[in-house]
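Okay, so here's the structure we're looking at.
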Amino acid sequence: MFKTIVDGVYASPQIGLPEVELAKAMGVTLIINNRPELESPDQTPGAEIEAAARNAGIAYVAIPVTHAGFSEPQVAAMARALEGAAGPVLAYCRSGTRSTLLWALAEASTGADPDDLAAAAAQAGYDVSPIRTLLDMLAARAG
């Protein structure tokens, strides 16, 4: 269920309470929720995931991303979350795509190579082409 983006970073479709336990068993130290609340009637509420994560000793942060796109504050929040993580990170949304794209944007904003980011995402089954121009811009600005 969890797709490895790079070593120590996983993306996933919507998780539930059993997946929090799986994340704990995998050594995940931070869960990032990139899904807005009430996006779908069948999603597990973020507050329940947060409570289960904290109960399992896993840090939790919500950086919701709607289908409207990404903002600089979201990219900065993701970069801070990734940088501050004590170990492996699991980011989730409806399909894992927004989480992967936000990861790529956050990494580009710190100077990571867009080609490497695109390759890592593609290996996990995600396509960054919708944000490729933004990746290039952020990486150039960081460099």
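Naming scheme: A, B, ... for chains in displayed order of the structure tokens; residues 1 onward per chain; ligands 1 onward as shown.
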Could you name the residues that touch Pro64 in chain A at 6 Å or less, counting only C-alpha atoms, but leaving out those on the same chain fewer than 2 positions away, as an MDAnalysis selection string?
-> chainID A and resid 34:36 62
Take the residues from that selection and put them in a file with N, CA and C atoms, as a PDB file, in the first residue's frame.
ATOM      1  N   ASN A  34      -2.074  15.035   3.608  1.00  0.00           N
ATOM      2  CA  ASN A  34      -2.236  16.044   2.561  1.00  0.00           C
ATOM      3  C   ASN A  34      -3.650  16.103   2.023  1.00  0.00           C
ATOM      4  N   ARG A  35      -4.578  15.482   2.722  1.00  0.00           N
ATOM      5  CA  ARG A  35      -5.963  15.428   2.243  1.00  0.00           C
ATOM      6  C   ARG A  35      -6.843  16.392   3.033  1.00  0.00           C
ATOM      7  N   PRO A  36      -7.603  17.238   2.342  1.00  0.00           N
ATOM      8  CA  PRO A  36      -8.539  18.117   3.052  1.00  0.00           C
ATOM      9  C   PRO A  36      -9.633  17.294   3.734  1.00  0.00           C
ATOM     10  N   ALA A  62      -0.803  18.021   9.404  1.00  0.00           N
ATOM     11  CA  ALA A  62      -1.744  18.140   8.295  1.00  0.00           C
ATOM     12  C   ALA A  62      -1.331  19.314   7.418  1.00  0.00           C
TER      13      ALA A  62
END
Can you tell me, as a PDB file with C-alpha atoms, in the first residue's frame, what residues are no more than 12 Å from range 17-19 of chain A when counting only C-alpha atoms, ignoring any on the same chain fewer than 2 positions away?
ATOM      1  CA  MET A   1       0.000   0.000   0.000  1.00  0.00           C
ATOM      2  CA  PHE A   2       2.813   2.438   0.839  1.00  0.00           C
ATOM      3  CA  SER A  12       0.013   6.360   0.131  1.00  0.00           C
ATOM      4  CA  PRO A  13      -3.640   6.595  -0.730  1.00  0.00           C
ATOM      5  CA  GLN A  14      -5.983   7.388   2.175  1.00  0.00           C
ATOM      6  CA  ILE A  15      -4.982   5.498   5.293  1.00  0.00           C
ATOM      7  CA  GLU A  21       0.014   0.459  12.982  1.00  0.00           C
ATOM      8  CA  LEU A  22       1.693  -0.721   9.774  1.00  0.00           C
ATOM      9  CA  ALA A  23       3.527   2.604   9.556  1.00  0.00           C
ATOM     10  CA  LYS A  24       4.712   2.166  13.143  1.00  0.00           C
ATOM     11  CA  ALA A  25       5.966  -1.346  12.366  1.00  0.00           C
ATOM     12  CA  MET A  26       7.892   0.101   9.393  1.00  0.00           C
ATOM     13  CA  VAL A  28       7.678   5.711  10.326  1.00  0.00           C
ATOM     14  CA  ILE A  31       2.654  10.973   9.116  1.00  0.00           C
ATOM     15  CA  GLN A  43     -12.293   8.988   4.348  1.00  0.00           C
ATOM     16  CA  THR A  44     -11.054   8.470   7.879  1.00  0.00           C
ATOM     17  CA  PRO A  45     -11.080  11.884   9.597  1.00  0.00           C
ATOM     18  CA  GLY A  46      -7.676  13.445  10.109  1.00  0.00           C
ATOM     19  CA  ALA A  47      -8.331  13.806  13.836  1.00  0.00           C
ATOM     20  CA  GLU A  48      -8.700  10.025  14.140  1.00  0.00           C
ATOM     21  CA  ILE A  49      -5.486   9.407  12.205  1.00  0.00           C
ATOM     22  CA  GLU A  50      -3.715  12.034  14.316  1.00  0.00           C
ATOM     23  CA  ALA A  51      -4.907  10.460  17.579  1.00  0.00           C
ATOM     24  CA  ALA A  52      -3.859   6.978  16.448  1.00  0.00           C
ATOM     25  CA  ALA A  53      -0.483   8.254  15.240  1.00  0.00           C
ATOM     26  CA  ARG A  54       0.268  10.107  18.472  1.00  0.00           C
ATOM     27  CA  ASN A  55      -0.895   7.076  20.452  1.00  0.00           C
ATOM     28  CA  ALA A  56       1.610   5.003  18.461  1.00  0.00           C
ATOM     29  CA  LEU A  90       4.555   8.623   5.323  1.00  0.00           C
ATOM     30  CA  ALA A  91       2.527  11.198   3.380  1.00  0.00           C
ATOM     31  CA  TYR A  92      -0.996  10.422   2.233  1.00  0.00           C
TER      32      TYR A  92
END
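Distances here use only C-alpha atoms; by that measure, the residue among A:Thr66, A:Ser71, A:Thr97, A:Thr29 closest to Ala121 in chain A is A:Thr97.
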Using only C-alpha atoms: which of A:Val61, A:Met78, A:Ala104, A:Leu38 has the shortest distance to Ala122 in chain A =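 Counting only C-alpha atoms, the residue closest to Ala122 in chain A is A:Ala104.
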As a PyMOL selection string, please: all residues of chain A that backbone DSSP puts in helix (DSSP H, G or I).
-> chain A and resi 17-25+46-55+72-84+97-109+114-123+129-142
Let me see the file: selected residues, C-alpha atoms, as a tab-separated table (two decimals), in the first residue's frame.
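Contents of the output file selection_17.tsv:
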chain	number	residue	atom	x	y	z
A	17	LEU	CA	-6.21	3.15	11.68
A	18	PRO	CA	-4.70	-0.23	10.68
A	19	GLU	CA	-2.26	1.57	8.37
A	20	VAL	CA	-1.04	3.68	11.29
A	21	GLU	CA	0.01	0.46	12.98
A	22	LEU	CA	1.69	-0.72	9.77
A	23	ALA	CA	3.53	2.60	9.56
A	24	LYS	CA	4.71	2.17	13.14
A	25	ALA	CA	5.97	-1.35	12.37
A	46	GLY	CA	-7.68	13.44	10.11
A	47	ALA	CA	-8.33	13.81	13.84
A	48	GLU	CA	-8.70	10.02	14.14
A	49	ILE	CA	-5.49	9.41	12.21
A	50	GLU	CA	-3.72	12.03	14.32
A	51	ALA	CA	-4.91	10.46	17.58
A	52	ALA	CA	-3.86	6.98	16.45
A	53	ALA	CA	-0.48	8.25	15.24
A	54	ARG	CA	0.27	10.11	18.47
A	55	ASN	CA	-0.90	7.08	20.45
A	72	GLU	CA	4.14	28.45	-1.46
A	73	PRO	CA	3.05	28.07	2.19
A	74	GLN	CA	2.17	24.41	1.54
A	75	VAL	CA	5.54	23.78	-0.13
A	76	ALA	CA	7.36	25.49	2.74
A	77	ALA	CA	5.37	23.53	5.35
A	78	MET	CA	6.17	20.25	3.59
A	79	ALA	CA	9.86	21.14	3.38
A	80	ARG	CA	9.92	21.95	7.11
A	81	ALA	CA	8.09	18.73	7.97
A	82	LEU	CA	10.48	16.60	5.91
A	83	GLU	CA	13.54	18.37	7.28
A	84	GLY	CA	12.35	18.05	10.88
A	97	THR	CA	-0.38	11.79	-6.06
A	98	ARG	CA	-0.76	15.13	-4.26
A	99	SER	CA	1.55	13.87	-1.52
A	100	THR	CA	4.18	12.90	-4.07
A	101	LEU	CA	3.87	16.16	-5.98
A	102	LEU	CA	4.11	18.20	-2.79
A	103	TRP	CA	7.17	16.16	-1.73
A	104	ALA	CA	8.79	16.91	-5.10
A	105	LEU	CA	8.01	20.63	-4.82
A	106	ALA	CA	9.39	20.75	-1.28
A	107	GLU	CA	12.58	18.98	-2.34
A	108	ALA	CA	13.00	21.24	-5.38
A	109	SER	CA	12.60	24.27	-3.13
A	114	PRO	CA	14.14	18.08	-10.80
A	115	ASP	CA	15.27	15.19	-13.02
A	116	ASP	CA	16.09	13.11	-9.94
A	117	LEU	CA	12.75	14.03	-8.35
A	118	ALA	CA	10.87	13.09	-11.51
A	119	ALA	CA	12.70	9.76	-11.72
A	120	ALA	CA	12.00	8.91	-8.08
A	121	ALA	CA	8.32	9.75	-8.46
A	122	ALA	CA	8.04	7.78	-11.70
A	123	GLN	CA	9.65	4.73	-10.12
A	129	SER	CA	4.87	16.40	-15.43
A	130	PRO	CA	1.91	18.60	-14.35
A	131	ILE	CA	4.28	20.49	-12.02
A	132	ARG	CA	7.56	20.10	-13.89
A	133	THR	CA	7.87	23.80	-14.77
A	134	LEU	CA	7.33	24.69	-11.12
A	135	LEU	CA	9.93	22.11	-10.03
A	136	ASP	CA	12.48	23.66	-12.39
A	137	MET	CA	11.65	27.17	-11.15
A	138	LEU	CA	11.91	26.24	-7.46
A	139	ALA	CA	15.19	24.38	-7.97
A	140	ALA	CA	16.67	27.28	-9.92
A	141	ARG	CA	15.58	29.73	-7.24
A	142	ALA	CA	17.11	27.54	-4.51
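Counting only C-alpha atoms and comparing A:Val89, A:Arg94, A:Gly8, A:Val65, the residue that lies closest to Ser40 in chain A is A:Arg94.
The set of residues in chain A assigned to strand (DSSP E or B) by DSSP, using only backbone atoms of this structure, is Lys3, Thr4, Ile5, Val6, Val9, Tyr10, Ala11, Ser12, Leu30, Ile31, Ile32, Asn33, Ala59, Tyr60, Val61, Ala62, Val89, Leu90, Ala91 and Tyr92 of chain A.
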Could you write out that same residue set with N, CA and C atoms as a short mmCIF file (atom, residue, chain, number, x, y, z; two decimals), in the first residue's frame?
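out11.cif, freshly written:
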data_model
loop_
_atom_site.label_atom_id
_atom_site.label_comp_id
_atom_site.auth_asym_id
_atom_site.auth_seq_id
_atom_site.Cartn_x
_atom_site.Cartn_y
_atom_site.Cartn_z
N LYS A 3 3.98 3.35 -1.08
CA LYS A 3 4.95 3.34 -2.17
C LYS A 3 6.18 4.12 -1.74
N THR A 4 7.34 3.54 -1.96
CA THR A 4 8.59 4.20 -1.62
C THR A 4 8.90 5.24 -2.70
N ILE A 5 9.00 6.49 -2.29
CA ILE A 5 9.38 7.56 -3.21
C ILE A 5 10.91 7.63 -3.26
N VAL A 6 11.51 7.78 -2.12
CA VAL A 6 12.96 7.67 -1.92
C VAL A 6 13.13 6.98 -0.58
N VAL A 9 10.96 7.91 2.59
CA VAL A 9 9.76 8.70 2.28
C VAL A 9 8.79 7.81 1.51
N TYR A 10 7.59 7.68 2.06
CA TYR A 10 6.55 6.87 1.46
C TYR A 10 5.34 7.74 1.13
N ALA A 11 4.64 7.38 0.05
CA ALA A 11 3.37 8.02 -0.29
C ALA A 11 2.30 6.93 -0.29
N SER A 12 1.08 7.34 0.03
CA SER A 12 0.01 6.36 0.13
C SER A 12 -1.33 6.99 -0.19
N LEU A 30 6.85 10.09 11.23
CA LEU A 30 5.99 11.24 10.93
C LEU A 30 4.98 10.84 9.86
N ILE A 31 3.71 11.12 10.11
CA ILE A 31 2.65 10.97 9.12
C ILE A 31 2.21 12.37 8.71
N ILE A 32 2.21 12.60 7.39
CA ILE A 32 1.77 13.89 6.84
C ILE A 32 0.46 13.65 6.09
N ASN A 33 -0.58 14.33 6.53
CA ASN A 33 -1.89 14.24 5.90
C ASN A 33 -2.03 15.38 4.89
N ALA A 59 4.73 11.23 15.09
CA ALA A 59 4.35 12.62 14.92
C ALA A 59 3.37 12.72 13.75
N TYR A 60 2.57 13.78 13.75
CA TYR A 60 1.53 13.97 12.73
C TYR A 60 1.45 15.44 12.37
N VAL A 61 1.29 15.72 11.08
CA VAL A 61 1.06 17.08 10.64
C VAL A 61 0.09 17.04 9.47
N ALA A 62 -0.80 18.02 9.40
CA ALA A 62 -1.74 18.14 8.29
C ALA A 62 -1.33 19.31 7.42
N VAL A 89 9.12 8.93 6.79
CA VAL A 89 7.92 9.75 6.69
C VAL A 89 6.92 9.06 5.77
N LEU A 90 5.65 9.09 6.16
CA LEU A 90 4.56 8.62 5.32
C LEU A 90 3.64 9.80 5.05
N ALA A 91 3.46 10.14 3.77
CA ALA A 91 2.53 11.20 3.38
C ALA A 91 1.37 10.55 2.63
N TYR A 92 0.16 11.01 2.92
CA TYR A 92 -1.00 10.42 2.23
C TYR A 92 -2.00 11.48 1.80
#
Work out how far apart CA of Val128 in chain A and CA of Ile58 in chain A are and give it in Å to one decimal.
->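 These two atoms are separated by 28.2 Å.
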